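Trainee: So I've got this file, entry_30.txt, and it contains compact mmCIF, C-alpha atoms:
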# COMPACT_ATOMS: atom_id res chain seq x y z
CA MET A 1212 -18.38 14.35 -38.12
CA PHE A 1213 -14.78 13.20 -37.78
CA LEU A 1214 -15.57 11.20 -34.64
CA LEU A 1215 -18.57 9.55 -36.35
CA LEU A 1216 -16.47 8.48 -39.33
CA ALA A 1217 -13.77 7.13 -37.04
CA ALA A 1218 -16.33 5.09 -35.12
CA LEU A 1219 -17.79 3.65 -38.31
CA ALA A 1220 -14.34 2.74 -39.57
CA ALA A 1221 -13.54 0.97 -36.33
CA ALA A 1222 -16.79 -1.02 -36.52
CA THR A 1223 -16.27 -2.12 -40.15
CA PRO A 1224 -14.82 -5.66 -40.42
CA PRO A 1225 -11.71 -6.15 -42.56
CA ALA A 1226 -12.19 -7.02 -46.22
CA ASN A 1227 -11.19 -10.65 -45.78
CA GLY A 1228 -13.73 -11.10 -42.99
CA TYR A 1229 -11.11 -12.12 -40.42
CA VAL A 1230 -11.58 -10.64 -36.97
CA PRO A 1231 -8.73 -11.41 -34.55
CA PRO A 1232 -9.84 -12.96 -31.28
CA LYS A 1233 -9.89 -10.84 -28.18
CA VAL A 1234 -7.08 -11.66 -25.80
CA ALA A 1235 -7.70 -11.04 -22.11
CA ALA A 1236 -4.96 -9.21 -20.29
CA PRO A 1237 -3.26 -11.39 -17.67
CA ALA A 1238 -4.46 -10.84 -14.12
CA PRO A 1239 -2.02 -8.84 -12.03
CA ARG A 1240 0.15 -10.94 -9.75
CA PHE A 1241 -0.98 -11.20 -6.13
CA PRO A 1242 0.68 -10.56 -3.90
CA PRO A 1243 2.83 -8.12 -5.84
CA VAL A 1244 6.56 -8.68 -5.51
CA LEU A 1245 7.89 -5.36 -6.80
CA ALA A 1246 9.72 -3.43 -4.08
CA GLY A 1247 7.47 -0.75 -2.64
CA ALA A 1248 4.25 -2.33 -3.88
CA ALA A 1249 1.41 -2.34 -1.35
CA PHE A 1250 -1.39 -4.84 -0.79
CA ALA A 1251 -3.74 -6.22 1.84
CA ASP A 1252 -4.91 -9.82 2.12
CA CYS A 1253 -8.36 -8.87 3.40
CA ARG A 1254 -10.52 -5.87 4.21
CA ASP A 1255 -9.51 -5.76 7.88
CA CYS A 1256 -5.90 -6.84 7.32
CA PRO A 1257 -2.93 -4.52 7.70
CA GLU A 1258 -1.72 -2.81 4.55
CA MET A 1259 1.60 -4.42 3.66
CA VAL A 1260 4.58 -3.01 1.75
CA VAL A 1261 7.07 -5.20 -0.14
CA ILE A 1262 10.63 -4.78 1.18
CA PRO A 1263 13.44 -5.76 -1.22
CA PRO A 1264 16.51 -7.84 -0.37
CA GLY A 1265 19.55 -5.84 0.63
CA SER A 1266 22.37 -5.19 3.06
CA PHE A 1267 22.96 -2.68 5.83
CA VAL A 1268 25.13 -2.04 8.87
CA MET A 1269 23.30 -2.70 12.12
CA GLY A 1270 24.00 -0.76 15.31
CA SER A 1271 25.20 2.75 16.14
CA THR A 1272 28.44 4.68 16.30
CA ASP A 1273 30.00 6.37 19.31
CA GLU A 1274 29.69 9.65 17.38
CA GLU A 1275 25.92 9.22 17.15
CA ARG A 1276 25.46 8.34 20.79
CA ARG A 1277 27.65 11.15 22.12
CA ALA A 1278 26.11 13.76 19.81
CA LEU A 1279 22.59 12.93 21.00
CA GLY A 1280 23.37 12.35 24.66
CA VAL A 1281 22.44 8.68 24.68
CA LEU A 1282 22.73 7.04 28.11
CA ALA A 1283 25.93 5.03 28.47
CA MET A 1284 23.99 1.83 29.21
CA PHE A 1285 23.05 1.69 25.54
CA ASP A 1286 26.65 1.79 24.26
CA ARG A 1287 27.09 -1.93 24.71
CA MET A 1288 23.60 -2.79 23.49
CA GLU A 1289 24.19 -1.14 20.10
CA GLU A 1290 27.66 -2.61 19.48
CA PRO A 1291 29.51 -4.02 17.73
CA ARG A 1292 28.22 -2.63 14.47
CA HIS A 1293 27.97 -5.45 11.97
CA ALA A 1294 26.94 -6.04 8.38
CA VAL A 1295 23.66 -7.85 7.80
CA LYS A 1296 22.56 -9.25 4.46
CA ILE A 1297 18.87 -9.96 3.96
CA GLY A 1298 18.73 -12.13 0.89
CA TYR A 1299 14.96 -12.35 0.54
CA ARG A 1300 11.97 -10.09 0.05
CA TYR A 1301 9.39 -9.77 2.79
CA ALA A 1302 6.43 -7.51 3.49
CA VAL A 1303 6.04 -5.15 6.44
CA GLY A 1304 2.96 -3.37 7.73
CA ARG A 1305 2.84 0.19 6.48
CA TYR A 1306 1.66 1.16 9.96
CA ALA A 1307 1.70 -0.34 13.42
CA VAL A 1308 -1.33 -2.57 14.03
CA THR A 1309 -4.33 -0.40 14.90
CA PHE A 1310 -7.20 -0.81 17.34
CA ASP A 1311 -9.53 -1.32 14.37
CA GLN A 1312 -7.42 -4.25 13.19
CA TRP A 1313 -7.10 -5.71 16.68
CA ASP A 1314 -10.83 -5.40 17.30
CA ALA A 1315 -11.50 -7.22 14.01
CA CYS A 1316 -9.42 -10.11 15.34
CA VAL A 1317 -11.44 -10.21 18.56
CA ALA A 1318 -14.74 -10.01 16.66
CA ASP A 1319 -13.66 -13.04 14.61
CA GLY A 1320 -12.95 -15.08 17.74
CA GLY A 1321 -9.20 -14.49 17.77
CA CYS A 1322 -6.68 -12.70 19.99
CA ASP A 1323 -7.93 -14.72 22.98
CA GLY A 1324 -10.87 -12.35 23.22
CA TYR A 1325 -8.62 -9.73 24.85
CA ARG A 1326 -9.77 -6.12 24.43
CA PRO A 1327 -6.87 -3.79 25.32
CA ASP A 1328 -7.61 -0.56 27.14
CA ASP A 1329 -7.16 2.53 24.95
CA ALA A 1330 -6.25 4.84 27.88
CA GLY A 1331 -9.23 7.01 26.97
CA TRP A 1332 -7.55 8.23 23.78
CA GLY A 1333 -9.85 6.44 21.36
CA ARG A 1334 -9.51 3.35 19.21
CA GLY A 1335 -9.99 3.32 15.42
CA ARG A 1336 -6.75 4.16 13.61
CA ARG A 1337 -4.69 4.73 16.71
CA PRO A 1338 -2.04 2.05 17.21
CA VAL A 1339 -3.13 -0.68 19.56
CA ILE A 1340 -1.48 -0.37 22.99
CA ASN A 1341 -1.42 -2.40 26.20
CA VAL A 1342 -0.44 -5.55 24.33
CA ASN A 1343 2.31 -7.86 25.49
CA PHE A 1344 4.48 -10.26 23.50
CA ALA A 1345 1.97 -13.13 23.73
CA ASP A 1346 -0.83 -10.80 22.62
CA ALA A 1347 1.16 -9.84 19.53
CA GLN A 1348 1.79 -13.51 18.79
CA ALA A 1349 -1.93 -14.25 19.19
CA TYR A 1350 -2.73 -11.57 16.60
CA VAL A 1351 -0.28 -12.86 13.98
CA ALA A 1352 -1.51 -16.41 14.58
CA TRP A 1353 -5.09 -15.28 13.92
CA LEU A 1354 -4.05 -13.27 10.87
CA SER A 1355 -2.23 -16.30 9.46
CA ARG A 1356 -5.30 -18.51 9.97
CA HIS A 1357 -7.63 -15.85 8.60
CA THR A 1358 -5.66 -15.30 5.39
CA GLY A 1359 -3.89 -18.61 4.84
CA GLN A 1360 -0.59 -16.71 4.69
CA HIS A 1361 2.36 -16.70 7.10
CA TYR A 1362 2.28 -13.56 9.21
CA ARG A 1363 4.71 -13.01 12.06
CA LEU A 1364 6.62 -10.41 14.02
CA LEU A 1365 9.68 -8.91 12.39
CA SER A 1366 13.12 -10.01 13.48
CA GLU A 1367 15.20 -7.25 15.00
CA ALA A 1368 17.44 -7.13 11.93
CA GLU A 1369 14.45 -7.00 9.57
CA TRP A 1370 13.00 -4.17 11.65
CA GLU A 1371 16.18 -2.07 11.52
CA TYR A 1372 16.67 -2.71 7.80
CA ALA A 1373 13.09 -1.63 7.12
CA GLY A 1374 13.42 1.34 9.46
CA ARG A 1375 16.61 2.59 7.83
CA ALA A 1376 15.15 2.13 4.35
CA GLY A 1377 18.50 2.37 2.64
CA THR A 1378 19.87 5.19 4.80
CA ASP A 1379 22.68 5.17 7.36
CA SER A 1380 21.35 8.11 9.34
CA TRP A 1381 20.40 8.23 13.00
CA TYR A 1382 16.70 8.55 12.25
CA PRO A 1383 14.77 7.36 9.20
CA PHE A 1384 14.71 10.98 8.00
CA GLY A 1385 18.24 12.21 8.82
CA ASN A 1386 20.44 12.94 11.82
CA ALA A 1387 18.04 15.29 13.59
CA ILE A 1388 14.48 15.04 14.86
CA ASP A 1389 11.76 17.63 15.48
CA PRO A 1390 8.01 17.48 16.23
CA SER A 1391 7.09 17.73 12.54
CA LYS A 1392 8.69 14.35 11.86
CA ALA A 1393 7.52 12.05 14.67
CA ASN A 1394 5.42 11.79 17.83
CA TYR A 1395 7.92 11.79 20.68
CA GLY A 1396 8.86 13.77 23.79
CA ASN A 1397 5.30 14.10 25.12
CA ASN A 1398 4.49 16.54 22.33
CA HIS A 1399 0.92 15.21 22.19
CA ASP A 1400 0.78 13.46 25.58
CA ARG A 1401 -0.57 10.34 23.84
CA THR A 1402 -0.39 8.32 20.64
CA THR A 1403 -1.46 9.83 17.33
CA THR A 1404 -3.36 8.07 14.56
CA VAL A 1405 -1.12 6.01 12.33
CA GLY A 1406 0.20 7.80 9.26
CA SER A 1407 0.18 11.24 10.88
CA TYR A 1408 3.83 11.76 9.92
CA PRO A 1409 5.72 11.33 6.64
CA PRO A 1410 6.88 7.80 5.70
CA ASN A 1411 10.45 6.66 5.29
CA ARG A 1412 11.91 5.77 1.88
CA PHE A 1413 10.28 2.34 1.94
CA GLY A 1414 6.87 3.91 2.50
CA LEU A 1415 6.60 2.87 6.17
CA HIS A 1416 5.14 5.26 8.73
CA ASP A 1417 6.13 5.70 12.39
CA MET A 1418 8.95 3.20 12.39
CA THR A 1419 10.29 5.27 15.25
CA ALA A 1420 8.21 7.02 17.94
CA ASN A 1421 4.44 6.90 18.57
CA VAL A 1422 4.50 3.30 19.88
CA ALA A 1423 7.38 0.95 20.58
CA GLN A 1424 7.14 -2.31 18.66
CA TRP A 1425 7.69 -5.87 19.82
CA VAL A 1426 10.04 -7.90 17.61
CA GLU A 1427 10.67 -11.63 17.64
CA ASP A 1428 14.18 -11.70 19.13
CA CYS A 1429 15.25 -12.58 22.64
CA HIS A 1430 17.14 -9.70 24.21
CA HIS A 1431 20.95 -9.82 24.32
CA GLU A 1432 23.11 -7.19 25.99
CA ASP A 1433 25.23 -6.69 22.87
CA TYR A 1434 25.54 -7.85 19.27
CA VAL A 1435 28.35 -10.36 19.81
CA GLY A 1436 27.23 -13.49 17.98
CA ALA A 1437 24.15 -11.88 16.42
CA PRO A 1438 22.78 -13.43 13.20
CA VAL A 1439 23.89 -11.68 10.02
CA ASP A 1440 21.21 -13.06 7.67
CA GLY A 1441 18.10 -11.27 8.95
CA SER A 1442 16.87 -14.13 11.12
CA ALA A 1443 15.63 -13.66 14.67
CA TRP A 1444 18.11 -14.28 17.51
CA LEU A 1445 16.34 -16.81 19.71
CA SER A 1446 19.17 -18.34 21.73
CA GLY A 1447 19.74 -17.70 25.41
CA PRO A 1448 17.40 -17.57 28.40
CA CYS A 1449 14.97 -15.24 26.59
CA THR A 1450 13.69 -13.67 29.82
CA LEU A 1451 13.32 -10.38 27.89
CA ARG A 1452 12.08 -9.73 24.36
CA ASN A 1453 13.35 -6.91 22.21
CA VAL A 1454 11.37 -3.75 21.59
CA ARG A 1455 12.24 -1.26 18.87
CA GLY A 1456 11.26 2.25 17.84
CA GLY A 1457 10.50 4.03 21.12
CA GLY A 1458 7.24 5.70 22.05
CA TRP A 1459 5.29 8.94 22.26
CA SER A 1460 6.69 10.16 25.59
CA LEU A 1461 10.36 9.31 25.10
CA SER A 1462 13.19 11.72 24.40
CA GLY A 1463 14.51 12.18 20.89
CA TRP A 1464 17.58 10.02 21.44
CA SER A 1465 15.30 7.15 22.52
CA VAL A 1466 13.51 6.98 19.16
CA ARG A 1467 16.55 6.46 16.97
CA VAL A 1468 16.49 3.66 14.43
CA ALA A 1469 19.37 1.88 16.25
CA GLN A 1470 17.76 2.12 19.69
CA ARG A 1471 16.99 -1.25 21.29
CA ILE A 1472 15.94 -2.47 24.69
CA GLY A 1473 14.53 -5.64 26.24
CA ASP A 1474 11.18 -5.71 28.01
CA PRO A 1475 9.54 -8.48 30.04
CA PRO A 1476 7.36 -10.40 27.59
CA GLY A 1477 4.35 -9.97 29.87
CA ALA A 1478 4.58 -6.15 29.86
CA ARG A 1479 1.47 -4.23 28.84
CA ASN A 1480 1.54 -0.44 28.82
CA ASP A 1481 0.47 2.59 26.81
CA HIS A 1482 3.79 2.72 24.91
CA LEU A 1483 3.85 -0.82 23.58
CA GLY A 1484 2.39 -1.94 20.27
CA PHE A 1485 3.66 -3.96 17.33
CA ARG A 1486 3.95 -4.20 13.56
CA VAL A 1487 3.63 -7.33 11.44
CA ALA A 1488 5.66 -9.00 8.73
CA ARG A 1489 4.49 -11.44 6.04
CA ASP A 1490 6.55 -14.02 4.19
CA MET A 1491 6.62 -13.48 0.44
CA PRO A 1492 7.21 -15.58 -2.70
CA GLN A 1493 10.89 -15.58 -3.62
CA ASP A 1494 10.66 -16.44 -7.36
If you convert what's in this file into structure tokens, what do you get?

Mentor:
Amino acid sequence: MFLLLAALAAATPPANGYVPPKVAAPAPRFPPVLAGAAFADCRDCPEMVVIPPGSFVMGSTDEERRALGVLAMFDRMEEPRHAVKIGYRYAVGRYAVTFDQWDACVADGGCDGYRPDDAGWGRGRRPVINVNFADAQAYVAWLSRHTGQHYRLLSEAEWEYAGRAGTDSWYPFGNAIDPSKANYGNNHDRTTTVGSYPPNRFGLHDMTANVAQWVEDCHHEDYVGAPVDGSAWLSGPCTLRNVRGGGWSLSGWSVRVAQRIGDPPGARNDHLGFRVARDMPQD
């Protein structure tokens, strides 16, 4: 009875006959710009996460490298540590690009029609492998055309900032690693489907381990003269391109967030994949 009376009261117009007009709620902003918000520009597009502006210290300490038994050749590559300020928001793929997403590009006439071998492990939501630097660039070019937005590879500084996610630890999840946190050390003898392990504080999965990820930068043997604004470092002969994150068969010290190495841009193997970035509105 109470509910019936309430319904009748709600349906009764006011005594003066005035009924206020209905006001439509504003449509939610797209893409969202709030840090941590997620979106996708199309059904087959990577899920993207908004990364806020911020600062961090790039590189590693001698304490870190000695504690983990890092090979001495990497001492110079990860020094000198230097402050980087990223003064803009950008979006990063929540996961590495998958075979499903790559195959959608090929089906739409993109990615030069190249169908990477999956090593017999399966396609679907496994990260795409056997892709070189030009292959990764072909994918982001297709994705940009397909969506009308600017997709690209991350710069090395953007990658490390996103991987650290506000921490200063050796891994995205602390100063120690074990098989419950990442796919490394031949624990599975192959890649695992993306999202199999917990995300970092920015909501990004597998920033280290599973597959190594091409970034935009040319490789340099140290950080002397490196950009400090988040931009890619493209000077020099550029005979190697940087790869970050390590892969499924590598030792724990090789999948640290500071780990970096240069690979020939034509390299294709079962450790190499990539993750995408998207430019975002800055207002």

Trainee: One number please: CA of Arg1287 (chain A) to CA of Gly1484 (chain A), in Å, one decimal.

Mentor: 25.1 Å

Trainee: Step by step: start from the point (24.5, -1.7, 15.0) in the file's coordinates, keep every protein, DNA or RNA residue that has an atom no farther than 9 Å from it, count only C-alpha atoms, and write the set as a ChimeraX atom specification.

Mentor: /A:1268-1272,1288-1294,1434,1469

Trainee: CA of Asn1480 (chain A) and CA of Tyr1362 (chain A) are how many Å apart?

Mentor: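 So the answer is 23.6 Å.
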
Trainee: Can you work out the spacing between CA of Arg1412 (chain A) and CA of Ala1437 (chain A) in Å, to one decimal?

Mentor: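 Separating CA of Arg1412 (chain A) from CA of Ala1437 (chain A) is a distance of 25.9 Å.
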
Trainee: Fewer than 6 positions away in the same chain doesn't count, so skip those; otherwise give me all residues within 10 Å of Asn1394 (chain A), counting all atoms listed in the file, as a list in words.

Mentor: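 Near Asn1394 (chain A), the qualifying residues are Asp1400, Arg1401, Thr1402, Thr1403, Ser1407, Tyr1408, Asp1417, Thr1419, Ala1420, Asn1421, Val1422, Gly1457, Gly1458, Trp1459, Ser1460, Leu1461, Gly1463 and Val1466 of chain A.
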
Trainee: Using only the atoms of region 1406-1423 of chain A listed in the file, plus 5 Å on each side, state the axis-aligned box centre and edge lengths in Å rounded to one decimal, as JSON.

Mentor:
{"center_x": 6.0, "center_y": 6.4, "center_z": 11.2, "size_x": 21.7, "size_y": 20.8, "size_z": 28.7}

Trainee: Using all atoms listed in the file, which protein or nucleic acid residues come within 7 Å of region 1440-1444 of chain A? Drop anything in the same chain fewer than 5 positions from it, and give the result as a ChimeraX atom specification.

Mentor: /A:1295-1297,1366-1369,1427-1429

Trainee: Find the residue from A:Thr1378, A:Gln1312, A:Asn1386, A:Asn1397 that sits nearest to Ser1462 (chain A); use all atoms listed in the file when measuring.

Mentor: A:Asn1397

Trainee: Write out as a PyMOL selection string each polymer residue whose atoms come within 7 Å of Ile1340 (chain A), counting only C-alpha atoms; drop sequence neighbours fewer than 6 positions from it.

Mentor: chain A and resi 1327+1329+1480-1484

Trainee: Around the point (5.8, -9.8, 8.8) (coordinates from the file), which residues reach within 6 Å if we count all atoms listed in the file? Answer as a ChimeraX atom specification.

Mentor: /A:1302-1303,1362-1365,1487-1489

Trainee: Quick one: of A:Gly1321, A:Asp1328, A:Ala1393, A:Phe1285, who's nearest to Val1351 (chain A), counting all atoms listed in the file?

Mentor: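 For Val1351 (chain A), the nearest of the candidates is A:Gly1321.
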
Trainee: With only C-alpha atoms as the basis for distance, which of A:Met1418, A:Met1491, A:Ala1236, A:Val1260 is at the shortest distance from Tyr1299 (chain A)?

Mentor: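 Smallest distance to Tyr1299 (chain A) is found for A:Met1491.
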
Trainee: For each of A:Arg1486, A:Cys1256, A:His1430, A:Ser1355, take the minimum atom-to-atom distance to Ser1446 (chain A), counting only C-alpha atoms, then give the residue where this is smallest.

Mentor: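 Result for the nearest residue to Ser1446 (chain A): A:His1430.
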
Trainee: Given all atoms listed in the file as the basis, pick out the residue of A:Arg1277, A:Arg1305, A:Arg1334, A:Lys1233 nearest to Ala1249 (chain A).

Mentor: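 The closest residue to Ala1249 (chain A) is A:Arg1305.
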
Trainee: Using only C-alpha atoms for the distances, tell me which of A:Pro1390, A:Gly1335, A:Ala1307, A:Asp1252 is nearest to Arg1356 (chain A).

Mentor: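 Selected residue with least distance to Arg1356 (chain A): A:Asp1252.
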